[in-house]
Amino acid sequence: MDLAQEEPAGDGEMEELVRLSSANIPRVENHLHRTHFPGIVRKKAYIFDGLGNYYNKEWDLAEGSGQEFCWYHVELPKGKQKLSQSAQYLIDVLCPPLKLQDILSLVSNGPFCGHVDGALVFRVNSAGPPSSNFTFRLAARVTMNSVITISLGRVPRLGFSPVGQSLLSEIPSVESPSYHRGERKEGSGFVIREHVLEFLLTMNHSEEADNPVPKSVSNLVVHILDTHVDHLQDVVTKLEMELDSVELELDGGGFALKKEMLDERRFPKMHLNLQRLLQVIAHGEQVFPRVKEKCSSKHWFADEDISSLEELIGRLRRLKENVGFLANRVTAIQAGLDSWQSEQINRKLYYLSFLSIIFLPLSVITGVFGMNVGGVPWTVQKDPALKDGFRNVLALCVAMLLLVLLCFIFPALYTRLTAWHRRRSLRRSWSHNQRSFLKRTIGTQERGGYLRI
């Protein structure tokens with residue numbers, strides 16, 4: 001399982017879960033909004049009556065009246081587009097009535113919270129590549145009767161769906177080999193597939209159908225920030241599960257698996273992704289308290305929602321600690337792999353050094369006797385008395401080899417001899433002490449006295 005995978009995972013399963021649930025929402029008459037980039041940017045528009053009901057509405061960016069308030073959400077694609085291209089997408093769908101300063105305050109990177117043209121604008125946009133699964137961008141423009149939000153890719157549980165369409169309210173049953181797509185046996189319940197179940201296990205929240213419908217703009221702002229924190233928690237949970245599985249693979253894996261992980265640089269890439277995630281959480285720690293401070297001065301922002309913002313700030317701090325623990329685990333695993341690689345290199349160098357030590361004396365001997373000068377012993381080929389010179393040279397080489405091996409074996413032999421001598425001395429001393437103790441005990445018993453301790 002690739003931990004450093006950059007492509008977003010899980011969006012297909014979630015879209016499969018909410019495809020049917022978004023089809024039966026009451027919808028106000030919707031006129032076509034012509035854009036220069038059709039089909040690239042996803043848009044959602046809701047109107048809330050302030051009594052717990054909501055409807056889909058046309059994309060006109062109008063504000064609500066009275067207790068009604070509107071929410072317009074733009075979902076930017078997770079691709080390789082530049083930041084200027086994302087700004088063009090927003091200009092296409094939000095202008096008019098928004099101005100250029102509004103667009104720039106929403107699409108720029110980094111943390112921000114302030115008032116722009118009379119509206120409260122905040123963003124937590126990280127500067128990573130948009131195609132990465134660890135790059136998060138969320139920006140909002142809040143007024144008393146409308147909210148405009150921009151996200152990079154789909155944010156789970158951000159939208160709303162009818163309550164009756166929740167998958168979690170169905171009675172599940174496991175998929176069997178005899179089950180065919182589109183079939184459902186009576187009384188067998190909803191057949192849930194394995195990949196959908198694996199995706200649901202990584203979620204730290206319910207579905208869109210279980211979202212409470214906001215009754216005020218302050219409820220909606222808290223809901224948006226809450227889903228952002230839930231999204232971060234989902235990514236951290238998935239990282240923990242994948243890291244656990246990789247640790248199990250490393251415990252049971254061998255040389256090939258460890259070599260593959262080192263060649264792919266899997267853990268350095270994961271560490272980089274964790275640093276991106278920490279950057280997003282740090283942006284939230286900067287922005288959320290400022291949002292709470294500025295919203296506390298608004299008369300339309302409820303006090304209980306201020307308390308909810310305090311809880312979200314605490315969740316971010318705990319999430320940051322959890323990501324820090326994950327980064328330490330990744331660092332420890334990478335250090336273990338580096339140590340294993342160093343051991344492999346040292347072992348190869350040891351073998352090479354051992355071979356060098358063996359063949360170096362032999363090469364010296366053969367070099368000496370191979371010199372083409374006079375006076376070298378056993379080099380007279382025609383002398384019958386020296387006909388065994390070649391055999392004598394080989395015997396000398398073997399003797400030198402045994403000497404070198406003895407030098408390697410001598411420390412171990414010395415240690416064994418020392419330990420044997422120590423054990424023998426202790427055994428002899430124990431026997432002597434035991435005999436002395438028995439003598440003193442017998443003598444004391446004969447005298448009828450007490451034994452001195």
# chains A, B, ... in the order shown; residues from 1 in each chain; ligands from 1

call {"tool": "select_by_dssp", "arguments": {"residues": "range 51-181 of chain A", "states": "helix (DSSP H, G or I)", "output": "list in words"}}
result
Leu83, Ser84, Gln85, Ser86, Ala87, Gln88, Tyr89, Leu90, Ile91, Asp92, Val93, Leu94, Leu100, Gln101, Asp102, Ile103, Leu104, Ser105, Leu106, Val107, Val163, Gly164, Gln165, Leu167, Leu168 and Ser169 of chain A

call {"tool": "residues_around", "arguments": {"residues": "Ile148 in chain A", "least_positions_apart": "6", "cutoff": "6 Å", "atoms": "only C-alpha atoms", "output": "PyMOL selection string"}}
result
chain A and resi 71-73+140-141

call {"tool": "closest_atom_pairs", "arguments": {"of": "range 223-276 of chain A", "to": "range 334-356 of chain A", "cutoff": "8 Å", "atoms": "only C-alpha atoms", "output": "Markdown table"}}
result
| residue | atom | partner | partner_atom | distance |
| --- | --- | --- | --- | --- |
| A:Lys258 | CA | A:Leu337 | CA | 7.1 |
| A:Leu262 | CA | A:Leu337 | CA | 7.4 |
| A:Phe267 | CA | A:Gln334 | CA | 6.2 |
| A:Pro268 | CA | A:Gln334 | CA | 7.6 |

call {"tool": "write_last_selection", "arguments": {"atoms": "C-alpha atoms", "output": "CSV table (one decimal), in the first residue's frame"}}
result
chain,number,residue,atom,x,y,z
A,258,LYS,CA,13.2,-3.2,2.6
A,262,LEU,CA,14.4,2.4,0.3
A,267,PHE,CA,9.0,7.3,4.1
A,268,PRO,CA,10.7,10.5,3.1

call {"tool": "closest_atom_pairs", "arguments": {"of": "range 260-334 of chain A", "to": "range 90-109 of chain A", "cutoff": "12 Å", "atoms": "only C-alpha atoms", "output": "CSV"}}
result
residue,atom,partner,partner_atom,distance
A:Gln279,CA,A:Asn109,CA,11.7
A:Val280,CA,A:Asn109,CA,10.8
A:His283,CA,A:Asn109,CA,10.3

call {"tool": "select_by_dssp", "arguments": {"residues": "range 60-106 of chain A", "states": "strand (DSSP E)", "output": "VMD selection string"}}
result
chain A and resid 69 to 76

call {"tool": "write_last_selection", "arguments": {"atoms": "all heavy atoms", "output": "PDB file, in the first residue's frame"}}
result
ATOM      1  N   PHE A  69     -31.356  32.811   4.652  1.00  0.00           N
ATOM      2  CA  PHE A  69     -29.960  33.071   4.277  1.00  0.00           C
ATOM      3  C   PHE A  69     -29.558  32.046   3.233  1.00  0.00           C
ATOM      4  O   PHE A  69     -30.117  30.942   3.154  1.00  0.00           O
ATOM      5  CB  PHE A  69     -29.029  33.027   5.499  1.00  0.00           C
ATOM      6  CG  PHE A  69     -29.054  31.740   6.263  1.00  0.00           C
ATOM      7  CD1 PHE A  69     -28.120  30.741   6.031  1.00  0.00           C
ATOM      8  CD2 PHE A  69     -30.026  31.524   7.237  1.00  0.00           C
ATOM      9  CE1 PHE A  69     -28.140  29.562   6.734  1.00  0.00           C
ATOM     10  CE2 PHE A  69     -30.055  30.342   7.958  1.00  0.00           C
ATOM     11  CZ  PHE A  69     -29.111  29.352   7.711  1.00  0.00           C
ATOM     12  N   CYS A  70     -28.570  32.406   2.417  1.00  0.00           N
ATOM     13  CA  CYS A  70     -28.155  31.591   1.274  1.00  0.00           C
ATOM     14  C   CYS A  70     -26.709  31.122   1.458  1.00  0.00           C
ATOM     15  O   CYS A  70     -25.903  31.795   2.115  1.00  0.00           O
ATOM     16  CB  CYS A  70     -28.287  32.380  -0.029  1.00  0.00           C
ATOM     17  SG  CYS A  70     -29.961  32.977  -0.367  1.00  0.00           S
ATOM     18  N   TRP A  71     -26.424  30.016   0.824  1.00  0.00           N
ATOM     19  CA  TRP A  71     -25.063  29.464   0.849  1.00  0.00           C
ATOM     20  C   TRP A  71     -24.702  29.042  -0.566  1.00  0.00           C
ATOM     21  O   TRP A  71     -25.402  28.270  -1.207  1.00  0.00           O
ATOM     22  CB  TRP A  71     -24.975  28.272   1.795  1.00  0.00           C
ATOM     23  CG  TRP A  71     -23.614  27.638   1.841  1.00  0.00           C
ATOM     24  CD1 TRP A  71     -22.431  28.235   1.596  1.00  0.00           C
ATOM     25  CD2 TRP A  71     -23.323  26.267   2.139  1.00  0.00           C
ATOM     26  NE1 TRP A  71     -21.397  27.345   1.718  1.00  0.00           N
ATOM     27  CE2 TRP A  71     -21.916  26.119   2.052  1.00  0.00           C
ATOM     28  CE3 TRP A  71     -24.101  25.173   2.466  1.00  0.00           C
ATOM     29  CZ2 TRP A  71     -21.291  24.908   2.281  1.00  0.00           C
ATOM     30  CZ3 TRP A  71     -23.466  23.963   2.704  1.00  0.00           C
ATOM     31  CH2 TRP A  71     -22.077  23.832   2.611  1.00  0.00           C
ATOM     32  N   TYR A  72     -23.551  29.552  -1.041  1.00  0.00           N
ATOM     33  CA  TYR A  72     -23.035  29.233  -2.371  1.00  0.00           C
ATOM     34  C   TYR A  72     -21.649  28.607  -2.197  1.00  0.00           C
ATOM     35  O   TYR A  72     -20.760  29.212  -1.587  1.00  0.00           O
ATOM     36  CB  TYR A  72     -22.938  30.487  -3.240  1.00  0.00           C
ATOM     37  CG  TYR A  72     -24.242  31.236  -3.361  1.00  0.00           C
ATOM     38  CD1 TYR A  72     -24.538  32.296  -2.498  1.00  0.00           C
ATOM     39  CD2 TYR A  72     -25.173  30.894  -4.328  1.00  0.00           C
ATOM     40  CE1 TYR A  72     -25.722  32.980  -2.602  1.00  0.00           C
ATOM     41  CE2 TYR A  72     -26.372  31.581  -4.443  1.00  0.00           C
ATOM     42  CZ  TYR A  72     -26.648  32.616  -3.570  1.00  0.00           C
ATOM     43  OH  TYR A  72     -27.831  33.295  -3.678  1.00  0.00           O
ATOM     44  N   HIS A  73     -21.503  27.433  -2.738  1.00  0.00           N
ATOM     45  CA  HIS A  73     -20.240  26.699  -2.583  1.00  0.00           C
ATOM     46  C   HIS A  73     -19.645  26.395  -3.954  1.00  0.00           C
ATOM     47  O   HIS A  73     -20.346  25.933  -4.865  1.00  0.00           O
ATOM     48  CB  HIS A  73     -20.448  25.397  -1.818  1.00  0.00           C
ATOM     49  CG  HIS A  73     -19.195  24.588  -1.667  1.00  0.00           C
ATOM     50  ND1 HIS A  73     -18.124  24.999  -0.902  1.00  0.00           N
ATOM     51  CD2 HIS A  73     -18.824  23.396  -2.220  1.00  0.00           C
ATOM     52  CE1 HIS A  73     -17.164  24.098  -0.967  1.00  0.00           C
ATOM     53  NE2 HIS A  73     -17.556  23.115  -1.772  1.00  0.00           N
ATOM     54  N   VAL A  74     -18.332  26.652  -4.098  1.00  0.00           N
ATOM     55  CA  VAL A  74     -17.591  26.391  -5.320  1.00  0.00           C
ATOM     56  C   VAL A  74     -16.534  25.339  -5.004  1.00  0.00           C
ATOM     57  O   VAL A  74     -15.767  25.484  -4.048  1.00  0.00           O
ATOM     58  CB  VAL A  74     -16.921  27.667  -5.868  1.00  0.00           C
ATOM     59  CG1 VAL A  74     -16.153  27.360  -7.141  1.00  0.00           C
ATOM     60  CG2 VAL A  74     -17.964  28.738  -6.115  1.00  0.00           C
ATOM     61  N   GLU A  75     -16.497  24.291  -5.827  1.00  0.00           N
ATOM     62  CA  GLU A  75     -15.540  23.211  -5.651  1.00  0.00           C
ATOM     63  C   GLU A  75     -14.544  23.229  -6.801  1.00  0.00           C
ATOM     64  O   GLU A  75     -14.875  22.891  -7.934  1.00  0.00           O
ATOM     65  CB  GLU A  75     -16.268  21.867  -5.594  1.00  0.00           C
ATOM     66  CG  GLU A  75     -15.372  20.670  -5.368  1.00  0.00           C
ATOM     67  CD  GLU A  75     -16.151  19.381  -5.334  1.00  0.00           C
ATOM     68  OE1 GLU A  75     -17.251  19.358  -4.745  1.00  0.00           O
ATOM     69  OE2 GLU A  75     -15.666  18.381  -5.918  1.00  0.00           O
ATOM     70  N   LEU A  76     -13.311  23.652  -6.512  1.00  0.00           N
ATOM     71  CA  LEU A  76     -12.273  23.714  -7.533  1.00  0.00           C
ATOM     72  C   LEU A  76     -11.733  22.317  -7.821  1.00  0.00           C
ATOM     73  O   LEU A  76     -11.670  21.465  -6.930  1.00  0.00           O
ATOM     74  CB  LEU A  76     -11.130  24.617  -7.069  1.00  0.00           C
ATOM     75  CG  LEU A  76     -11.480  26.098  -6.879  1.00  0.00           C
ATOM     76  CD1 LEU A  76     -10.288  26.854  -6.291  1.00  0.00           C
ATOM     77  CD2 LEU A  76     -11.914  26.727  -8.184  1.00  0.00           C
TER      78      LEU A  76
END

call {"tool": "atom_distance", "arguments": {"atom1": "CA of Arg154 in chain A", "atom2": "CA of Lys44 in chain A"}}
result
11.6 Å

call {"tool": "residues_around", "arguments": {"residues": "range 230-235 of chain A", "least_positions_apart": "2", "cutoff": "9 Å", "atoms": "only C-alpha atoms", "output": "list in words"}}
result
Asn133, Phe134, Phe136, Val155, Pro156, Arg157, Thr202, Met203, Asn204, His205, Leu225, Asp226, Thr227, His228, Thr237, Lys238, Leu239, Glu240, Leu277, Val280, Ile281 and Leu319 of chain A

call {"tool": "closest_residue", "arguments": {"among": "A:Ser151, A:Ser86, A:Asn56, A:Asn273", "to": "Gly128 in chain A", "atoms": "only C-alpha atoms"}}
result
A:Asn273

call {"tool": "closest_residue", "arguments": {"among": "A:Gly66, A:Gly370, A:Pro361, A:Pro289", "to": "Ser146 in chain A", "atoms": "only C-alpha atoms"}}
result
A:Gly66

call {"tool": "closest_residue", "arguments": {"among": "A:Val404, A:Val191, A:Ala62, A:Ala332", "to": "Leu362 in chain A", "atoms": "only C-alpha atoms"}}
result
A:Val404

call {"tool": "closest_residue", "arguments": {"among": "A:Gln67, A:Ser131, A:Ser429, A:Gln286", "to": "Gln81 in chain A", "atoms": "only C-alpha atoms"}}
result
A:Ser131

call {"tool": "atom_distance", "arguments": {"atom1": "CA of Asp305 in chain A", "atom2": "CA of Phe112 in chain A"}}
result
20.5 Å

call {"tool": "closest_residue", "arguments": {"among": "A:Val291, A:Val236, A:Leu403, A:Ala395", "to": "Asn322 in chain A", "atoms": "only C-alpha atoms"}}
result
A:Val236

call {"tool": "closest_residue", "arguments": {"among": "A:Phe37, A:Phe288, A:Trp300, A:Phe369", "to": "Ile313 in chain A", "atoms": "only C-alpha atoms"}}
result
A:Phe288

call {"tool": "atom_distance", "arguments": {"atom1": "CA of Glu58 in chain A", "atom2": "CA of Lys43 in chain A"}}
result
10.2 Å
